[in-house]
Amino acid sequence: RFAGAILNVGGEINGISLGSVGRGTTMEHIEVIAAADDNMEFWGGTVQVKYAAFMFGNDDMYDYDDGYNGKAQFVFSCKSSTNDTLVTSPAADNGFECDADDQKSNLFPRSHPIFYNCTMIGNGKKILTSDNSGIAGIEAKELTEGEFYNCVFANFRYGLNLIKSMGTRTGTEEAWMNWSNVSGTAHSGSLKVKCNVFVDCQAPIAIDKNNTGVLLSSDTAQFYTTDKNVATNSIAGFNYIWAMNGTTNAVATQFNPTPNPALSTTGCPTPPADGFFTPTNYKGAFDPSQKSWLSNWSYAQLLNATGGLVPCPTDINQDGITNNADFLILLGQFNVSCH
């Protein structure tokens, strides 16, 4: 909580920094609150992340670089809203910031992580400030590769922003070439963004932030039709606005990032049975038919920032419903002293 001494502009300390960390390290049930820089950043390595919550950070939510080849599932992250008076000038950057390498070296191995069931909520900022690079749910730059499935991104200026301009890079490839089915380059298809939902993003898909990039009809056809991504203004049961008065501490509006009913995954990729991923049949980080995995341990849950199913006091086994299973548990303990 509150990590991130500012060494210089663009040189802050991340909440969690991982350099060449392998899968012998377990990163599960972790939380970063109000970091001054990225919540988590990865330089290379293969470490896997599961059940992670990031709230109110000042920069990217999940940043990878230098050949990172890990996996992640069940990641929830949100920014402070622009109407949150606790922050007079809230910063904003990306959900995922993705690089093969910042040095534009064209070296291998390139980053190629795999993500399922993430929910990331931006703060709606439209203008870049400070050292921000994108304000995108997925900022795909520097030869980005990777796979993003069954995630929800809300309230970003851009949903997926693909760098296409070569700039000073040598060679014939950039992130757009890796994503596009029609680029004809050697690594076409090495960036997959499929079956995700983009909620209230000004530009669900963009090329070079739509400043110099031209969005082709083949781009939109791939994004919406082939890859089954969805752009919408709202989802049932889902609220991406957080509003709090810093003087009175009154919370006027709370997040609820748990779509209800669940967003269908019919026709979408399913998490592989590889010993790490958990099978799911919904999009986003939370299952509306179960209690939130943040319950009982996280600061985010104390803020009631995840909404969703909350068990009542009679739900003894905490499965989200009071039924005969709870009655039998209680019956077996009837008249037992609790002292």
# chains A, B, ... in the order shown; residues from 1 in each chain; ligands from 1
call {"tool": "closest_atom_pairs", "arguments": {"of": "range 203-239 of chain A", "to": "range 103-124 of chain A", "cutoff": "12 Å", "atoms": "only C-alpha atoms", "output": "tab-separated table"}}
result
residue	atom	partner	partner_atom	distance
A:Ala203	CA	A:Gly124	CA	11.9
A:Phe238	CA	A:Thr119	CA	11.0
A:Asn239	CA	A:Ile121	CA	9.7
call {"tool": "closest_atom_pairs", "arguments": {"of": "range 265-334 of chain A", "to": "range 145-163 of chain A", "cutoff": "9 Å", "atoms": "only C-alpha atoms", "output": "tab-separated table"}}
result
residue	atom	partner	partner_atom	distance
A:Thr265	CA	A:Asn150	CA	7.2
A:Cys268	CA	A:Asn150	CA	7.6
A:Pro269	CA	A:Tyr149	CA	7.0
A:Thr270	CA	A:Tyr149	CA	8.2
A:Pro271	CA	A:Tyr149	CA	8.6
A:Tyr282	CA	A:Asn150	CA	7.3
A:Lys283	CA	A:Asn150	CA	4.6
A:Gly284	CA	A:Cys151	CA	4.7
A:Ala285	CA	A:Cys151	CA	7.3
call {"tool": "write_last_selection", "arguments": {"atoms": "C-alpha atoms", "output": "mmCIF file, in the first residue's frame"}}
result
data_model
loop_
_atom_site.group_PDB
_atom_site.id
_atom_site.type_symbol
_atom_site.label_atom_id
_atom_site.label_comp_id
_atom_site.auth_asym_id
_atom_site.auth_seq_id
_atom_site.Cartn_x
_atom_site.Cartn_y
_atom_site.Cartn_z
ATOM 1 C CA THR A 265 -18.381 -17.515 -23.419
ATOM 2 C CA CYS A 268 -14.900 -18.464 -27.099
ATOM 3 C CA PRO A 269 -11.593 -20.028 -26.047
ATOM 4 C CA THR A 270 -11.683 -21.786 -22.676
ATOM 5 C CA PRO A 271 -8.823 -21.824 -20.174
ATOM 6 C CA TYR A 282 -17.975 -16.418 -17.808
ATOM 7 C CA LYS A 283 -16.060 -13.295 -18.806
ATOM 8 C CA GLY A 284 -14.268 -11.025 -16.386
ATOM 9 C CA ALA A 285 -12.620 -11.694 -13.047
#
call {"tool": "closest_residue", "arguments": {"among": "A:Asn245, A:Asp287, A:Arg169, A:Pro279", "to": "Ala262 in chain A", "atoms": "only C-alpha atoms"}}
result
A:Asp287
call {"tool": "closest_residue", "arguments": {"among": "A:Trp43, A:Met55, A:Lys192, A:Phe223", "to": "Gln301 in chain A", "atoms": "only C-alpha atoms"}}
result
A:Met55
call {"tool": "select_by_dssp", "arguments": {"residues": "range 90-309 of chain A", "states": "helix (DSSP H, G or I)", "output": "list in words"}}
result
Ala175, Trp176, Met177, Asn178, Trp179, Asp208, Lys209, Asn210, Ser217, Ser218, Asp219, Thr220, Ala221, Gln222, Phe223, Tyr224, Thr225, Thr226, Tyr299, Ala300, Gln301 and Leu302 of chain A
call {"tool": "residues_around", "arguments": {"residues": "range 7-17 of chain A", "least_positions_apart": "4", "cutoff": "8 Å", "atoms": "only C-alpha atoms", "output": "short mmCIF file (atom, residue, chain, number, x, y, z; two decimals) with C-alpha atoms, in the first residue's frame"}}
result
data_model
loop_
_atom_site.label_atom_id
_atom_site.label_comp_id
_atom_site.auth_asym_id
_atom_site.auth_seq_id
_atom_site.Cartn_x
_atom_site.Cartn_y
_atom_site.Cartn_z
CA ARG A 1 0.00 0.00 0.00
CA PHE A 2 1.29 3.47 -1.05
CA ALA A 3 4.40 2.06 -2.72
CA VAL A 32 -1.51 -3.44 -4.42
CA ALA A 35 1.00 2.69 -5.97
CA ALA A 36 2.72 5.74 -7.45
CA ASP A 37 3.76 3.76 -10.52
CA ASP A 38 2.76 0.42 -12.06
CA ASN A 39 0.96 -2.02 -9.79
CA MET A 40 3.04 -4.92 -11.13
CA GLU A 41 5.78 -4.89 -13.75
CA PHE A 42 7.56 -7.87 -15.25
CA SER A 130 2.84 13.37 -17.40
CA ASP A 131 4.61 10.27 -18.78
#
call {"tool": "closest_residue", "arguments": {"among": "A:Tyr68, A:Tyr299, A:Tyr62, A:Phe198", "to": "Glu139 in chain A", "atoms": "only C-alpha atoms"}}
result
A:Tyr62
call {"tool": "closest_residue", "arguments": {"among": "A:Pro288, A:Gly267, A:Gly167, A:Pro257", "to": "Val75 in chain A", "atoms": "only C-alpha atoms"}}
result
A:Pro257
call {"tool": "residues_around", "arguments": {"residues": "Trp179 in chain A", "least_positions_apart": "3", "cutoff": "7 Å", "atoms": "only C-alpha atoms", "output": "number ranges by chain"}}
result
A: 175-176, 188-192
call {"tool": "write_last_selection", "arguments": {"atoms": "C-alpha atoms", "output": "PDB file, in the first residue's frame"}}
result
ATOM      1  CA  ALA A 175       2.378  -4.834 -32.706  1.00  0.00           C
ATOM      2  CA  TRP A 176      -0.279  -4.360 -35.412  1.00  0.00           C
ATOM      3  CA  SER A 188       1.204 -12.490 -37.801  1.00  0.00           C
ATOM      4  CA  GLY A 189      -1.247 -13.968 -35.289  1.00  0.00           C
ATOM      5  CA  SER A 190       1.210 -13.975 -32.395  1.00  0.00           C
ATOM      6  CA  LEU A 191      -0.940 -11.325 -30.640  1.00  0.00           C
ATOM      7  CA  LYS A 192      -4.442 -12.623 -29.914  1.00  0.00           C
TER       8      LYS A 192
END
call {"tool": "closest_residue", "arguments": {"among": "A:Gly237, A:Gly184, A:Pro272, A:Gly134", "to": "Lys209 in chain A", "atoms": "only C-alpha atoms"}}
result
A:Gly134
